[in-house]
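Asker: Quick one: structure below, then a few questions.
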Amino acid sequence: FSSPVGLSLGSRTPKDEGATIPDHPLADLGLKPVGDPFTLQAKVIVLDGPPKTAWRKPRGTHTRNKALTCREKKSLGIGVFPKGEQRYDLFLPLHDLWRQYVIDLMNLKARPSWSPALNSKLLKADYHGCMVTVAKSRCPSYVGLTGIILQEKLNIFKIITRDNVIKVVPKAHSVFTFELEGFHMSLFGSQLCFRASERSARKFKAKKTIDL
């Protein structure tokens with residue numbers, strides 16, 4: 001008869017039950033005769049090495065990816081335009097790309113007239129590269145300012161003028177206008193006080209009047 005480990009142990013007589021097997025290689029593993037064949041009792045034999053334990057990161061070492069602060073962004077030069085690159089003509093190709101983007105987004109070439117359904121698309125569009133004019137503002141010094149939008153943040157537009165000067169114009173209490181394919185459009189800045197990425201997924205409600 002073959003034992004569970006594949007060794008032939010032979011037969012035992014009743015008088016040998018309970019006796020040890022000093023010469024057998026499995027005697028020191030706790031092999032005890034219980035009837036026939038022998039079985040292993042109350043002993044764990046590890047055949048595949050020690051059990052693998054999951055590695056855990058020590059407590060207190062978990063860190064989250066935090067967004068950069070305004071001071072850190074400024075020190076790294078993020079969003080800062082060098083003086084040698086503050087030229088209006090350098091951003092004209094960006095404006096051409098933006099025009100093509102909006103024409104394709106709103107399908108203006110196939111529309112002979114303006115449709116109210118385009119208002120929601122206009123609110124969710126990206127305006128980096130748009131040439132705008134400040135038509136109304138609570139601050140009189142901003143009225144009439146024209147330029148290309150270089151950067152859009154939560155509450156401001158950074159606009160470069162034809163004089164190669166970058167102006168920071170607040171969105172709130174301002175009305176911006178631009179022309180595209182014969183359509184003259186107005187943007188109420190108070191409705192755009194969101195980041196560009198957040199505005200693209202936001203649902204806007206229609207309002208009868210919008211005050212500056």
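In the structure tokens, chains take the letters A, B, ... in the order shown, each chain's residues start at 1, and ligands count up from 1 in the order shown.
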Compile the contact shell of A:Glu179 as a list in words: residues with an atom at most 9 Å away, counting only C-alpha atoms, same-chain residues fewer than 4 positions apart removed.

Answerer: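 The residues that qualify are Met131, Val132, Phe183, His184, Met185 and Ser186 of chain A.
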
Asker: Extract, using only C-alpha atoms, all DNA, RNA and protein residues at most 6 Å from A:Leu150, discarding same-chain residues fewer than 5 positions from it, and format them as an MDAnalysis selection string.

Answerer: chainID A and resid 128 158:159

Asker: Please list as a count of residues only every residue within 9 Å of stretch 104-119 of chain A, counting only C-alpha atoms and excluding residues in the same chain fewer than 5 positions away.

Answerer: 6

Asker: Which is closest to A:Leu187 among A:Tyr142, A:Tyr88, A:Phe81, A:Tyr127, if we use only C-alpha atoms?

Answerer: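 For A:Leu187, the nearest of the given residues is A:Tyr127.
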